[in-house]
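Trainee: The structure under discussion is supplied below as structure tokens; questions concerning it will follow.
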Amino acid sequence: MDKLIIAIDGQASTGKSTQAKKIADYLGFNYRDSGAYYRAITLYLLNSNVKHNLKISQEILNQISIKQDYNEGHFRIFLNDNDVTNKIRGHKVSLSVSNYAKKPEIRKFVFDQLRNSAESNSLVVDGRDIGTVVFPDADYKFFLIAEPRIRAERRHKQIDDDSVKVDIIEEEIKIRDKTDSTREIAPLRKADDAFKIDVSDLTINEVFNKILQKIKSD
Ligand code: DC
């Protein structure tokens with residue numbers, strides 16, 4: 001059987017990775033988290049004191065080896081054989097990752113990792129530019145959106161800290177949407193042939209069922 005690619009793109013905090021993992025489990029496909037690659041590279045470069053405002057040499061990139069592993073709900077990522085699954089979600093990486101993710105040499109690195117993964121396996125991949133840039137020929141493309149207020153409320157619940165106000169999170173989300181969609185490199189954009197789902201009023205299972213229906217009906 002030919003390898004299939006399912007691309008799940010969309011706005012921040014719309015549940016892309018939750019859906020991608022559920023689909024991977026259901027169909028028995030591999031799962032790749034494109035954002036996690038950017039986070040792991042950022043961790044390596046921060047630890048090596050490589051600044052984002054300089055070109056990252058091929059020599060440095062050659063020192064980075066990243067492996068992702070996903071199995072029945074458990075995602076792990078290894079940077080040069082060290083498990084960095086938790087570290088890449090830390091504050092330091094979260095603050096810097098967008099600066100590194102802008103760089104063409106880093107985008108090419110992630111692009112190559114994803115393309116290599118797709119050579120041997122059917123994949124579900126989530127990200128910002130998967131259906132537009134990385135896999136423009138993906139077999140199925142989905143684009144998730146939701147009202148900023150609803151995303152802020154969901155994130156507020158996850159953070160579970162009442163000192164952080166929903167209004168502030170909502171403002172941050174709006175700013176991030178704007179940065180993501182207007183940035184010069186790999187702007188967040190729905191591919192013309194992607195199926196858009198507004199998840200604002202849907203549960204996780206309702207979104208999942210919509211995705212499955214679409215896959216089964218094509
Ligand atoms: O989804 P996330 O928060 O883990 O993404 C981390 C960073 O990488 C974020 O700044 C967006 C960026 N990113 C990207 O530019 N392109 C992707 N395909 C995935 C993530």
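Just remember, in the structure tokens the first chain shown is A, the second B, etc., residues are 1-based per chain, and ligands are 1-based in the order shown.
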Based on DSSP run over this structure's backbone, return all residues of range 26-217 of chain A in strand (DSSP E or B), as an NGL selection string.

Mentor: :A and (30-33 or 66-71 or 74-79 or 82-83 or 123-127 or 140-145 or 195-198)

Trainee: Mind checking which residues fall within 9 Å of Asp193 in chain A, counting only C-alpha atoms, ignoring those fewer than 5 positions away in the same chain, and posting them as a PyMOL selection string?

Mentor: chain A and resi 131+140-142

Trainee: With only C-alpha atoms and all ligand atoms counted and 8 Å as the cut-off, give the residues of chain A in contact with ligand 1, each with its shortest interatomic distance in Å and the pair that gives it, as a Markdown table.

Mentor:
| residue | atom | partner | partner_atom_place_in_ligand_line | distance |
| --- | --- | --- | --- | --- |
| A:Asp9 | CA | ligand 1 | 18 (N) | 7.8 |
| A:Ala12 | CA | ligand 1 | 1 (O) | 6.8 |
| A:Asp33 | CA | ligand 1 | 4 (O) | 7.5 |
| A:Ser34 | CA | ligand 1 | 19 (C) | 4.7 |
| A:Gly35 | CA | ligand 1 | 20 (C) | 3.5 |
| A:Ala36 | CA | ligand 1 | 4 (O) | 5.2 |
| A:Tyr37 | CA | ligand 1 | 8 (O) | 7.8 |
| A:Tyr38 | CA | ligand 1 | 8 (O) | 5.2 |
| A:Arg39 | CA | ligand 1 | 6 (C) | 5.8 |
| A:Arg89 | CA | ligand 1 | 4 (O) | 7.8 |
| A:Ser94 | CA | ligand 1 | 6 (C) | 7.2 |
| A:Ser96 | CA | ligand 1 | 10 (O) | 8.0 |
| A:Val97 | CA | ligand 1 | 10 (O) | 5.1 |
| A:Ser98 | CA | ligand 1 | 10 (O) | 3.6 |
| A:Asn99 | CA | ligand 1 | 10 (O) | 7.4 |
| A:Ala101 | CA | ligand 1 | 15 (O) | 5.2 |
| A:Lys102 | CA | ligand 1 | 15 (O) | 6.7 |
| A:Arg107 | CA | ligand 1 | 16 (N) | 7.9 |
| A:Asp126 | CA | ligand 1 | 18 (N) | 6.9 |
| A:Gly127 | CA | ligand 1 | 18 (N) | 3.7 |
| A:Arg128 | CA | ligand 1 | 18 (N) | 4.1 |
| A:Asp129 | CA | ligand 1 | 18 (N) | 4.9 |
| A:Ile130 | CA | ligand 1 | 18 (N) | 5.9 |
| A:Asp180 | CA | ligand 1 | 11 (C) | 7.5 |
| A:Ala186 | CA | ligand 1 | 15 (O) | 6.8 |
| A:Pro187 | CA | ligand 1 | 15 (O) | 7.9 |

Trainee: Any idea what's packed within 8 Å of Ile150 in chain A, counting only C-alpha atoms, ignoring anything in its chain fewer than 4 positions away? Could you give it as a list in words?

Mentor: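 So the residues in contact are Ala146, Arg154 and Ser200 of chain A.
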
Trainee: For Ile185 in chain A, which residue among A:Val133, A:Val166, A:Ala138, A:Leu212 is the nearest when counting only C-alpha atoms?

Mentor: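 Looking at the shortest contact to Ile185 in chain A, the residue is A:Val133.
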